[in-house]
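The file protein.txt comes next; it holds compact mmCIF, C-alpha atoms.
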```
# COMPACT_ATOMS: atom_id res chain seq x y z
CA MET A 1245 18.84 23.30 -21.85
CA ASN A 1246 17.68 20.79 -24.40
CA ASP A 1247 19.82 18.23 -26.16
CA SER A 1248 20.74 20.48 -29.03
CA SER A 1249 20.73 23.86 -27.46
CA TRP A 1250 24.45 23.88 -26.91
CA GLY A 1251 25.24 23.66 -30.58
CA ALA A 1252 26.18 20.01 -30.90
CA PRO A 1253 26.31 18.46 -34.36
CA GLN A 1254 23.02 17.72 -36.02
CA GLY A 1255 21.44 14.75 -34.34
CA ALA A 1256 23.58 15.26 -31.26
CA GLY A 1257 23.02 16.45 -27.74
CA HIS A 1258 24.41 19.42 -25.96
CA TRP A 1259 27.74 17.97 -25.32
CA GLY A 1260 28.95 16.85 -28.66
CA VAL A 1261 28.28 13.10 -28.97
CA PRO A 1262 25.90 12.07 -31.78
CA GLU A 1263 22.61 10.93 -30.32
CA MET A 1264 20.59 8.07 -31.80
CA GLN A 1265 17.02 9.37 -31.52
CA ALA A 1266 14.07 7.36 -32.65
CA ALA A 1267 11.14 9.21 -34.11
CA PRO A 1268 8.44 9.43 -31.43
CA ALA A 1269 5.18 7.71 -31.93
CA GLY A 1270 2.05 9.64 -32.67
CA PRO A 1271 0.42 11.19 -35.71
CA ALA A 1272 1.92 14.60 -35.00
CA TYR A 1273 5.42 13.22 -35.36
CA ASP A 1274 5.11 10.85 -38.37
CA VAL A 1275 7.77 11.30 -40.98
CA HIS A 1276 6.21 12.29 -44.32
CA GLY A 1277 7.69 11.99 -47.71
CA ALA A 1278 10.26 9.33 -46.79
CA GLN A 1279 11.34 7.24 -49.79
CA GLN A 1280 12.64 3.72 -49.73
CA THR A 1281 15.07 3.07 -52.58
CA ARG A 1282 16.82 -0.02 -53.79
CA PRO A 1283 19.43 -0.41 -56.53
CA MET A 1284 18.24 -1.23 -60.01
CA PRO A 1285 19.25 -4.73 -61.20
CA ILE A 1286 22.31 -4.71 -63.45
CA VAL A 1287 21.71 -6.49 -66.75
CA PRO A 1288 24.91 -8.30 -67.85
CA ASP A 1289 26.27 -7.85 -71.32
CA ASP A 1290 26.59 -11.62 -71.81
CA PRO A 1291 23.70 -12.65 -74.07
CA ASP A 1292 23.69 -16.01 -72.33
CA ALA A 1293 23.23 -14.51 -68.93
CA GLY A 1294 19.58 -15.54 -68.92
CA ARG A 1295 20.34 -19.20 -69.42
CA ASP A 1296 21.05 -21.48 -66.54
CA ALA A 1297 24.56 -22.20 -65.52
CA ASP A 1298 24.58 -25.82 -66.76
CA ASP A 1299 23.65 -24.84 -70.34
CA ARG A 1300 26.33 -22.18 -70.42
CA ASP A 1301 28.93 -24.54 -69.05
CA ASP A 1302 28.16 -27.13 -71.76
CA ARG A 1303 28.37 -24.48 -74.48
CA ASP A 1304 31.56 -23.05 -73.10
CA GLN A 1305 33.27 -26.44 -72.93
CA GLY A 1306 32.16 -27.22 -76.47
CA ALA A 1307 33.77 -24.00 -77.66
CA GLY A 1308 37.12 -25.10 -76.31
CA ARG A 1309 37.40 -22.92 -73.24
CA PRO A 1310 37.03 -23.74 -69.58
CA SER A 1311 33.68 -23.28 -67.95
CA GLY A 1312 33.20 -19.72 -66.81
CA GLY A 1313 36.36 -18.52 -68.62
CA PRO A 1314 36.64 -15.60 -71.09
CA LEU A 1315 35.44 -16.07 -74.65
CA PHE A 1316 38.67 -14.74 -76.19
CA ARG A 1317 42.20 -15.37 -75.05
CA ASP A 1318 43.04 -11.71 -74.51
CA GLU A 1319 39.80 -10.96 -72.75
CA LYS A 1320 40.21 -10.11 -69.08
CA PRO A 1321 37.54 -10.30 -66.41
CA GLN A 1322 35.96 -6.99 -65.64
CA GLU A 1323 36.94 -5.41 -62.34
CA PRO A 1324 34.27 -3.74 -60.27
CA MET A 1325 34.22 0.03 -60.48
CA SER A 1326 35.69 1.66 -57.43
CA THR A 1327 33.61 4.33 -55.73
CA ALA A 1328 35.41 7.25 -54.12
CA PRO A 1329 34.50 7.69 -50.44
CA PRO A 1330 32.26 10.70 -49.77
CA PRO A 1331 34.05 13.76 -48.38
CA PRO A 1332 33.83 14.07 -44.60
CA GLN A 1333 31.03 16.31 -43.41
CA LYS A 1334 31.77 19.20 -41.15
CA LYS A 1335 30.22 19.32 -37.72
CA ARG A 1336 27.34 21.70 -37.50
CA ALA A 1337 24.80 22.66 -34.94
CA GLY A 1338 21.42 20.98 -34.92
CA ARG A 1339 19.52 24.27 -34.73
CA ASP A 1340 19.35 27.54 -36.62
CA LEU A 1341 22.22 29.33 -34.91
CA ARG A 1342 21.36 32.72 -36.40
CA ALA A 1343 17.83 32.56 -35.07
CA ALA A 1344 19.05 31.19 -31.74
CA ILE A 1345 21.60 33.98 -31.30
CA GLY A 1346 19.11 36.65 -32.35
CA VAL A 1347 16.45 35.43 -29.94
CA GLY A 1348 19.03 35.05 -27.17
CA VAL A 1349 20.30 38.61 -27.62
CA GLY A 1350 16.74 39.95 -27.65
CA LEU A 1351 15.77 38.11 -24.48
CA GLY A 1352 19.00 39.22 -22.81
CA ALA A 1353 18.30 42.85 -23.64
CA ILE A 1354 14.78 42.63 -22.18
CA ILE A 1355 16.05 40.96 -19.01
CA VAL A 1356 18.91 43.39 -18.42
CA ALA A 1357 16.76 46.45 -19.12
CA SER A 1358 13.98 45.35 -16.77
CA LEU A 1359 16.44 44.16 -14.14
CA PHE A 1360 18.35 47.41 -13.72
CA ILE A 1361 15.60 49.96 -14.43
CA VAL A 1362 12.62 48.84 -12.31
CA LYS A 1363 12.72 45.67 -10.21
CA ALA A 1364 8.95 45.24 -10.38
CA VAL A 1365 9.14 45.02 -14.17
CA PHE A 1366 11.54 42.10 -13.90
CA VAL A 1367 9.11 40.37 -11.55
CA GLY A 1368 6.55 40.72 -14.35
CA VAL A 1369 9.01 39.10 -16.76
CA ILE A 1370 9.31 36.13 -14.38
CA VAL A 1371 5.52 35.85 -14.15
CA VAL A 1372 5.14 35.81 -17.95
CA ALA A 1373 7.83 33.13 -18.30
CA VAL A 1374 6.16 31.04 -15.60
CA VAL A 1375 2.69 31.22 -17.16
CA VAL A 1376 3.96 30.38 -20.65
CA GLY A 1377 6.07 27.55 -19.25
CA LEU A 1378 3.05 26.09 -17.44
CA TRP A 1379 1.00 26.32 -20.62
CA GLU A 1380 3.67 24.43 -22.59
CA LEU A 1381 4.08 21.75 -19.93
CA THR A 1382 0.37 21.11 -19.41
CA SER A 1383 -0.28 21.11 -23.17
CA ARG A 1384 2.38 18.47 -23.79
CA LEU A 1385 1.09 16.34 -20.90
CA GLN A 1386 -2.40 16.35 -22.37
CA GLU A 1387 -1.27 15.75 -25.96
CA ARG A 1388 1.12 12.93 -25.25
CA LYS A 1389 -0.23 11.27 -22.09
CA GLY A 1390 -3.85 12.37 -21.83
CA ILE A 1391 -3.12 14.03 -18.47
CA LYS A 1392 -5.30 17.10 -17.85
CA ALA A 1393 -3.45 19.20 -15.29
CA PRO A 1394 -5.72 22.25 -14.70
CA LEU A 1395 -4.01 25.27 -16.23
CA VAL A 1396 -6.16 28.06 -14.78
CA PRO A 1397 -5.40 27.47 -11.06
CA LEU A 1398 -1.78 26.73 -11.98
CA ALA A 1399 -1.34 29.99 -13.88
CA VAL A 1400 -3.08 32.13 -11.26
CA GLY A 1401 -1.36 30.36 -8.37
CA GLY A 1402 2.01 30.48 -10.14
CA ALA A 1403 1.80 34.23 -10.66
CA ALA A 1404 0.75 34.69 -7.03
CA MET A 1405 3.65 32.50 -5.92
CA VAL A 1406 6.25 34.69 -7.66
CA VAL A 1407 4.74 37.92 -6.33
CA ALA A 1408 4.44 36.49 -2.79
CA GLY A 1409 8.06 35.37 -2.87
CA TYR A 1410 9.18 38.84 -3.91
CA ALA A 1411 7.02 40.59 -1.32
CA LYS A 1412 7.18 38.18 1.64
CA GLY A 1413 10.17 35.95 0.98
CA ALA A 1414 10.30 32.18 1.45
CA GLU A 1415 7.35 32.12 3.85
CA GLY A 1416 5.10 33.83 1.32
CA ALA A 1417 6.25 31.45 -1.42
CA TRP A 1418 5.41 28.36 0.66
CA VAL A 1419 1.96 29.65 1.57
CA ALA A 1420 1.21 30.44 -2.09
CA MET A 1421 2.45 26.99 -3.10
CA ALA A 1422 0.14 25.28 -0.62
CA LEU A 1423 -2.86 27.33 -1.76
CA THR A 1424 -2.07 26.59 -5.40
CA ALA A 1425 -1.97 22.84 -4.71
CA LEU A 1426 -5.33 23.10 -2.92
CA ALA A 1427 -6.79 25.04 -5.83
CA VAL A 1428 -5.67 22.32 -8.23
CA LEU A 1429 -7.39 19.64 -6.14
CA VAL A 1430 -10.65 21.59 -5.97
CA TRP A 1431 -10.67 22.75 -9.60
CA ARG A 1432 -10.30 19.20 -10.91
CA MET A 1433 -13.39 18.14 -8.93
CA THR A 1434 -15.61 19.90 -11.47
CA GLU A 1435 -14.85 17.12 -13.99
CA PRO A 1436 -15.57 13.36 -13.93
CA PRO A 1437 -13.54 11.36 -11.39
CA GLU A 1438 -11.79 9.20 -13.98
CA GLY A 1439 -8.11 10.19 -14.04
CA TYR A 1440 -8.48 12.50 -11.03
CA LEU A 1441 -5.41 11.20 -9.21
CA LYS A 1442 -3.01 11.45 -12.14
CA ASP A 1443 -4.34 14.89 -13.13
CA VAL A 1444 -3.93 16.47 -9.70
CA THR A 1445 -0.56 14.76 -9.20
CA ALA A 1446 0.68 16.27 -12.45
CA GLY A 1447 -0.79 19.63 -11.43
CA VAL A 1448 1.02 19.70 -8.08
CA PHE A 1449 4.23 18.62 -9.79
CA ALA A 1450 3.88 21.42 -12.36
CA ALA A 1451 3.23 23.97 -9.58
CA PHE A 1452 6.44 22.98 -7.82
CA TYR A 1453 8.58 22.50 -10.92
CA VAL A 1454 7.87 25.81 -12.65
CA PRO A 1455 6.53 28.67 -10.46
CA PHE A 1456 7.85 27.58 -7.07
CA LEU A 1457 11.43 27.16 -8.29
CA ALA A 1458 11.15 30.39 -10.28
CA THR A 1459 10.12 32.20 -7.08
CA PHE A 1460 13.74 31.98 -5.89
CA VAL A 1461 14.75 34.28 -8.74
CA ALA A 1462 12.32 36.89 -7.39
CA MET A 1463 13.73 36.33 -3.91
CA LEU A 1464 17.25 36.98 -5.21
CA LEU A 1465 15.99 40.35 -6.40
CA THR A 1466 14.87 41.52 -2.95
CA ALA A 1467 18.42 42.12 -1.65
CA ASP A 1468 20.06 45.55 -1.89
CA ASP A 1469 22.32 44.20 -4.63
CA GLY A 1470 19.46 42.12 -6.04
CA PRO A 1471 20.04 42.94 -9.72
CA GLN A 1472 23.69 41.90 -9.38
CA ARG A 1473 22.64 38.64 -7.72
CA VAL A 1474 20.16 37.82 -10.47
CA LEU A 1475 22.74 38.74 -13.10
CA THR A 1476 25.27 36.43 -11.41
CA PHE A 1477 22.72 33.62 -11.39
CA LEU A 1478 21.96 34.07 -15.10
CA LEU A 1479 25.59 34.47 -16.14
CA LEU A 1480 26.77 31.38 -14.30
CA THR A 1481 24.01 29.22 -15.76
CA VAL A 1482 24.65 30.44 -19.30
CA VAL A 1483 28.43 30.10 -18.93
CA SER A 1484 28.01 26.56 -17.58
CA ASP A 1485 25.91 25.60 -20.61
CA THR A 1486 28.41 27.27 -22.95
CA GLY A 1487 31.36 25.49 -21.37
CA ALA A 1488 29.58 22.15 -21.65
CA TYR A 1489 28.91 22.77 -25.33
CA ALA A 1490 32.38 24.08 -26.21
CA VAL A 1491 34.33 21.29 -24.51
CA GLY A 1492 31.87 18.48 -25.25
CA TRP A 1493 31.51 19.40 -28.92
CA ARG A 1494 35.28 19.35 -29.38
CA PHE A 1495 36.50 16.66 -27.00
CA GLY A 1496 33.41 14.71 -25.88
CA LYS A 1497 33.86 10.92 -26.08
CA HIS A 1498 32.66 9.35 -22.83
CA LYS A 1499 28.91 9.45 -22.29
CA LEU A 1500 27.59 10.91 -19.07
CA ALA A 1501 24.04 9.50 -18.87
CA PRO A 1502 23.38 7.46 -22.02
CA ARG A 1503 19.95 6.20 -20.93
CA ILE A 1504 18.67 9.74 -20.30
CA SER A 1505 20.58 11.88 -22.77
CA PRO A 1506 23.10 9.98 -24.92
CA GLY A 1507 24.53 13.22 -26.30
CA LYS A 1508 25.97 14.46 -23.00
CA THR A 1509 29.55 13.59 -22.14
CA ARG A 1510 31.78 13.62 -19.11
CA GLU A 1511 34.14 15.94 -20.92
CA GLY A 1512 31.26 18.37 -21.40
CA LEU A 1513 30.50 18.24 -17.69
CA LEU A 1514 34.14 19.06 -16.88
CA GLY A 1515 33.91 21.99 -19.28
CA ALA A 1516 30.78 23.23 -17.54
CA VAL A 1517 32.47 23.01 -14.14
CA ALA A 1518 35.63 24.81 -15.28
CA PHE A 1519 33.82 27.64 -17.05
CA ALA A 1520 31.31 28.14 -14.23
CA MET A 1521 33.97 28.19 -11.52
CA VAL A 1522 36.01 30.85 -13.30
CA ALA A 1523 32.89 32.94 -13.95
CA GLY A 1524 31.76 32.44 -10.35
CA ALA A 1525 35.07 33.69 -8.96
CA LEU A 1526 34.87 36.82 -11.13
CA CYS A 1527 31.22 37.52 -10.31
CA MET A 1528 31.62 37.10 -6.56
CA GLN A 1529 34.72 39.29 -6.54
CA PHE A 1530 33.38 42.15 -8.66
CA LEU A 1531 29.56 42.01 -8.62
CA ILE A 1532 28.43 40.80 -5.18
CA ASP A 1533 28.85 43.07 -2.17
CA GLY A 1534 31.09 41.37 0.39
CA GLY A 1535 31.78 38.42 -1.88
CA SER A 1536 35.12 36.68 -2.32
CA TRP A 1537 36.66 34.79 -5.21
CA TRP A 1538 36.90 31.46 -3.35
CA GLN A 1539 33.18 31.64 -2.64
CA GLY A 1540 32.68 32.09 -6.37
CA LEU A 1541 34.57 28.88 -7.06
CA LEU A 1542 32.17 26.94 -4.84
CA LEU A 1543 29.19 28.76 -6.31
CA GLY A 1544 30.31 27.93 -9.86
CA LEU A 1545 30.78 24.27 -8.98
CA ALA A 1546 27.29 24.10 -7.49
CA VAL A 1547 25.74 25.86 -10.49
CA ALA A 1548 27.39 23.46 -12.95
CA ALA A 1549 26.00 20.50 -11.01
CA SER A 1550 22.47 21.89 -10.62
CA ALA A 1551 22.26 23.09 -14.23
CA THR A 1552 23.34 19.68 -15.49
CA LEU A 1553 20.82 17.90 -13.27
CA GLY A 1554 18.10 20.28 -14.40
CA ASP A 1555 18.93 19.62 -18.03
CA LEU A 1556 18.88 15.87 -17.46
CA GLY A 1557 15.60 16.17 -15.56
CA GLU A 1558 13.79 17.82 -18.44
CA SER A 1559 15.41 15.40 -20.88
CA MET A 1560 13.84 12.62 -18.82
CA ILE A 1561 10.43 14.31 -19.05
CA LYS A 1562 10.70 14.86 -22.79
CA ARG A 1563 11.82 11.28 -23.41
CA ASP A 1564 8.85 10.01 -21.44
CA LEU A 1565 6.58 12.24 -23.52
CA GLY A 1566 8.31 11.29 -26.77
CA ILE A 1567 9.11 14.85 -27.84
CA LYS A 1568 12.23 16.81 -28.69
CA ASP A 1569 11.14 20.28 -27.53
CA MET A 1570 8.45 21.53 -25.16
CA GLY A 1571 7.32 24.16 -27.64
CA THR A 1572 8.14 26.23 -30.71
CA LEU A 1573 7.71 29.74 -29.36
CA LEU A 1574 11.39 30.72 -29.57
CA PRO A 1575 13.00 30.16 -33.01
CA GLY A 1576 16.25 28.26 -32.68
CA HIS A 1577 15.56 27.43 -29.03
CA GLY A 1578 12.27 25.53 -28.85
CA GLY A 1579 9.90 26.63 -26.12
CA ILE A 1580 10.18 28.65 -22.93
CA MET A 1581 10.54 25.45 -20.90
CA ASP A 1582 13.50 24.47 -23.07
CA ARG A 1583 15.24 27.64 -21.83
CA LEU A 1584 14.18 27.20 -18.20
CA ASP A 1585 15.38 23.62 -17.74
CA SER A 1586 18.79 24.61 -16.35
CA LEU A 1587 17.63 27.84 -14.70
CA LEU A 1588 14.81 26.51 -12.54
CA PRO A 1589 16.77 24.07 -10.32
CA THR A 1590 19.74 26.45 -10.21
CA ALA A 1591 17.76 29.37 -8.72
CA PRO A 1592 17.30 27.91 -5.19
CA VAL A 1593 20.93 26.74 -5.14
CA VAL A 1594 22.27 30.23 -5.93
CA TRP A 1595 19.83 31.88 -3.51
CA LEU A 1596 20.85 29.59 -0.65
CA LEU A 1597 24.61 29.89 -1.21
CA LEU A 1598 24.46 33.68 -1.51
CA VAL A 1599 22.48 33.86 1.74
CA LEU A 1600 25.13 31.72 3.43
CA PHE A 1601 28.06 33.65 1.96
CA VAL A 1602 26.94 37.29 2.15
CA GLY A 1603 23.50 37.33 3.81
CA SER A 1604 20.01 37.94 2.48
CA SER A 1605 20.06 41.74 2.34
```

Represent the structure from my file as structure tokens, please.
Amino acid sequence: MNDSSWGAPQGAGHWGVPEMQAAPAGPAYDVHGAQQTRPMPIVPDDPDAGRDADDRDDRDQGAGRPSGGPLFRDEKPQEPMSTAPPPPQKKRAGRDLRAAIGVGVGLGAIIVASLFIVKAVFVGVIVVAVVVGLWELTSRLQERKGIKAPLVPLAVGGAAMVVAGYAKGAEGAWVAMALTALAVLVWRMTEPPEGYLKDVTAGVFAAFYVPFLATFVAMLLTADDGPQRVLTFLLLTVVSDTGAYAVGWRFGKHKLAPRISPGKTREGLLGAVAFAMVAGALCMQFLIDGGSWWQGLLLGLAVAASATLGDLGESMIKRDLGIKDMGTLLPGHGGIMDRLDSLLPTAPVVWLLLVLFVGSS
């Protein structure tokens, strides 16, 4: 998740500590309409205020009063007006919470409906998310860094990767990944050689980061209790993010990774771990065939760690690009990639642990 997706105060990260964020460079991010103000000069009531101090001192002494003293005996020097301190502002989230909740509920309904009605439909949902995520990532790379990762072979290869993982498992996913990387190398040859190395490097990175990691979600679905496994994966990731927000927003003081994401706190990480472990114990006990509560504790701990690392990883990318969000497709959330940051690295972790705990079928 991005730095404000967990409802931290405005200008803060997920985990409740205000984040000092400089406006990124670039014409698309210039601040318009900013006004610089300065206080108007105060004109003193003393008619001699315009004269220099020496003249006033001579006049004052001639009038029988000390230099700089009041004109009349009963006159008292004016005290500066006291200004009441502004009332403390309440903490509030940095995003439109109503829009965020509405979009989240809508996406959840689509996922649950496709997950438990027809598995193949959910595979299609994964493919759509992958293609849109690749489009956002490659667009930002080109806009901010001038890197032209070829979208067409990435989108086609990414879709094939997800389908191959669902149909043939890990072996099919690796073969599709290799072919996608080869397609990126060949496709980029149709353009001038300048920038070839950085373009294909970014393309291979994008192929691994988005579709290959998402393939593990499709592989979770292939088991007999596949929908329950995918639901466990989604619930634990969301609960981890929610725990990080709830605890960090209220108690967060000690920064976790200030150079990457100054808004995240150690207290928020502890909240993520606690929430995810409790949710993991419940999910393994009641949703997964043959699962046990102690396995859920380990699963929740692993999910909290991977989700946090995934969030920090995308924060690193966005800081390098000088952007806050990867896109604007989802009101209150940002882009698709801003929703996938915690999910993508968590998918292979959940898949592997479930295979070790209860098997692959």

(message) For Phe1601 (chain A), find every residue with an atom within 9 Å (counting all atoms listed in the file), except residues of its own chain fewer than 3 positions away, and show them as a PyMOL selection string.
(response) chain A and resi 1534-1536+1539+1596-1598

(request) Within 12 Å of Val1444 (chain A), counting all atoms listed in the file, which residues show up once you throw out same-chain ones fewer than 4 positions away? Write them as a PyMOL selection string, please. (result) chain A and resi 1382+1391-1395+1397-1398+1424-1433+1435+1437-1440+1448-1451

(request) Would you list the residues near (1.5, 11.9, -23.1), meaning any protein, DNA or RNA residue with an atom at most 12 Å from that point in file coordinates, counting only C-alpha atoms, as a PyMOL selection string? (result) chain A and resi 1268-1270+1381-1393+1442-1443+1446+1561-1567

(request) Skip region 1415-1421 of chain A itself and residues of its chain fewer than 6 positions away, then list as a ChimeraX atom specification all residues within 12 Å of it, counting all atoms listed in the file. (result) /A:1397-1409,1427-1428,1447-1463

(message) Which residues are near Arg1510 (chain A)? Cut-off 10 Å, all atoms listed in the file, ignore same chain within fewer than 6 positions. Put them as a PyMOL selection string.
(response) chain A and resi 1259+1488+1491-1492+1495-1501+1516

How would region 1542-1561 of chain A look with N, CA, C and O atoms restored, written as a PDB file, in the frame of the given file?
```pdb
ATOM      1  N   LEU A1542      33.170  27.881  -5.346  1.00  0.00           N
ATOM      2  CA  LEU A1542      32.170  26.940  -4.840  1.00  0.00           C
ATOM      3  C   LEU A1542      30.815  27.168  -5.501  1.00  0.00           C
ATOM      4  O   LEU A1542      30.095  26.213  -5.828  1.00  0.00           O
ATOM      5  N   LEU A1543      30.473  28.442  -5.678  1.00  0.00           N
ATOM      6  CA  LEU A1543      29.190  28.760  -6.310  1.00  0.00           C
ATOM      7  C   LEU A1543      29.161  28.239  -7.749  1.00  0.00           C
ATOM      8  O   LEU A1543      28.158  27.661  -8.188  1.00  0.00           O
ATOM      9  N   GLY A1544      30.255  28.425  -8.486  1.00  0.00           N
ATOM     10  CA  GLY A1544      30.310  27.930  -9.860  1.00  0.00           C
ATOM     11  C   GLY A1544      30.207  26.424  -9.943  1.00  0.00           C
ATOM     12  O   GLY A1544      29.528  25.885 -10.832  1.00  0.00           O
ATOM     13  N   LEU A1545      30.869  25.732  -9.012  1.00  0.00           N
ATOM     14  CA  LEU A1545      30.780  24.270  -8.980  1.00  0.00           C
ATOM     15  C   LEU A1545      29.349  23.818  -8.735  1.00  0.00           C
ATOM     16  O   LEU A1545      28.837  22.901  -9.404  1.00  0.00           O
ATOM     17  N   ALA A1546      28.675  24.466  -7.795  1.00  0.00           N
ATOM     18  CA  ALA A1546      27.290  24.100  -7.490  1.00  0.00           C
ATOM     19  C   ALA A1546      26.362  24.397  -8.661  1.00  0.00           C
ATOM     20  O   ALA A1546      25.449  23.614  -8.965  1.00  0.00           O
ATOM     21  N   VAL A1547      26.584  25.510  -9.341  1.00  0.00           N
ATOM     22  CA  VAL A1547      25.740  25.860 -10.490  1.00  0.00           C
ATOM     23  C   VAL A1547      25.917  24.851 -11.617  1.00  0.00           C
ATOM     24  O   VAL A1547      24.938  24.427 -12.253  1.00  0.00           O
ATOM     25  N   ALA A1548      27.159  24.451 -11.892  1.00  0.00           N
ATOM     26  CA  ALA A1548      27.390  23.460 -12.950  1.00  0.00           C
ATOM     27  C   ALA A1548      26.659  22.162 -12.647  1.00  0.00           C
ATOM     28  O   ALA A1548      26.064  21.539 -13.540  1.00  0.00           O
ATOM     29  N   ALA A1549      26.684  21.743 -11.381  1.00  0.00           N
ATOM     30  CA  ALA A1549      26.000  20.500 -11.010  1.00  0.00           C
ATOM     31  C   ALA A1549      24.490  20.639 -11.127  1.00  0.00           C
ATOM     32  O   ALA A1549      23.814  19.768 -11.697  1.00  0.00           O
ATOM     33  N   SER A1550      23.928  21.732 -10.592  1.00  0.00           N
ATOM     34  CA  SER A1550      22.470  21.890 -10.620  1.00  0.00           C
ATOM     35  C   SER A1550      21.951  22.115 -12.041  1.00  0.00           C
ATOM     36  O   SER A1550      20.886  21.595 -12.406  1.00  0.00           O
ATOM     37  N   ALA A1551      22.691  22.864 -12.852  1.00  0.00           N
ATOM     38  CA  ALA A1551      22.260  23.090 -14.230  1.00  0.00           C
ATOM     39  C   ALA A1551      22.270  21.791 -15.029  1.00  0.00           C
ATOM     40  O   ALA A1551      21.356  21.533 -15.826  1.00  0.00           O
ATOM     41  N   THR A1552      23.281  20.967 -14.801  1.00  0.00           N
ATOM     42  CA  THR A1552      23.340  19.680 -15.490  1.00  0.00           C
ATOM     43  C   THR A1552      22.190  18.770 -15.064  1.00  0.00           C
ATOM     44  O   THR A1552      21.546  18.122 -15.895  1.00  0.00           O
ATOM     45  N   LEU A1553      21.928  18.716 -13.760  1.00  0.00           N
ATOM     46  CA  LEU A1553      20.820  17.900 -13.270  1.00  0.00           C
ATOM     47  C   LEU A1553      19.479  18.409 -13.798  1.00  0.00           C
ATOM     48  O   LEU A1553      18.588  17.618 -14.138  1.00  0.00           O
ATOM     49  N   GLY A1554      19.328  19.723 -13.861  1.00  0.00           N
ATOM     50  CA  GLY A1554      18.100  20.280 -14.400  1.00  0.00           C
ATOM     51  C   GLY A1554      17.907  19.925 -15.864  1.00  0.00           C
ATOM     52  O   GLY A1554      16.788  19.603 -16.304  1.00  0.00           O
ATOM     53  N   ASP A1555      18.994  19.982 -16.620  1.00  0.00           N
ATOM     54  CA  ASP A1555      18.930  19.620 -18.030  1.00  0.00           C
ATOM     55  C   ASP A1555      18.566  18.149 -18.193  1.00  0.00           C
ATOM     56  O   ASP A1555      17.722  17.774 -19.025  1.00  0.00           O
ATOM     57  N   LEU A1556      19.193  17.293 -17.398  1.00  0.00           N
ATOM     58  CA  LEU A1556      18.880  15.870 -17.460  1.00  0.00           C
ATOM     59  C   LEU A1556      17.437  15.590 -17.028  1.00  0.00           C
ATOM     60  O   LEU A1556      16.774  14.708 -17.571  1.00  0.00           O
ATOM     61  N   GLY A1557      16.971  16.356 -16.027  1.00  0.00           N
ATOM     62  CA  GLY A1557      15.600  16.170 -15.560  1.00  0.00           C
ATOM     63  C   GLY A1557      14.579  16.444 -16.647  1.00  0.00           C
ATOM     64  O   GLY A1557      13.643  15.659 -16.847  1.00  0.00           O
ATOM     65  N   GLU A1558      14.755  17.549 -17.362  1.00  0.00           N
ATOM     66  CA  GLU A1558      13.790  17.820 -18.440  1.00  0.00           C
ATOM     67  C   GLU A1558      13.979  16.854 -19.599  1.00  0.00           C
ATOM     68  O   GLU A1558      13.008  16.499 -20.278  1.00  0.00           O
ATOM     69  N   SER A1559      15.216  16.424 -19.849  1.00  0.00           N
ATOM     70  CA  SER A1559      15.410  15.400 -20.880  1.00  0.00           C
ATOM     71  C   SER A1559      14.630  14.131 -20.538  1.00  0.00           C
ATOM     72  O   SER A1559      14.057  13.487 -21.412  1.00  0.00           O
ATOM     73  N   MET A1560      14.602  13.790 -19.268  1.00  0.00           N
ATOM     74  CA  MET A1560      13.840  12.620 -18.820  1.00  0.00           C
ATOM     75  C   MET A1560      12.347  12.820 -19.102  1.00  0.00           C
ATOM     76  O   MET A1560      11.654  11.909 -19.581  1.00  0.00           O
ATOM     77  N   ILE A1561      11.840  14.019 -18.804  1.00  0.00           N
ATOM     78  CA  ILE A1561      10.430  14.310 -19.050  1.00  0.00           C
ATOM     79  C   ILE A1561      10.121  14.220 -20.540  1.00  0.00           C
ATOM     80  O   ILE A1561       9.132  13.604 -20.968  1.00  0.00           O
TER      81      ILE A1561
END
```
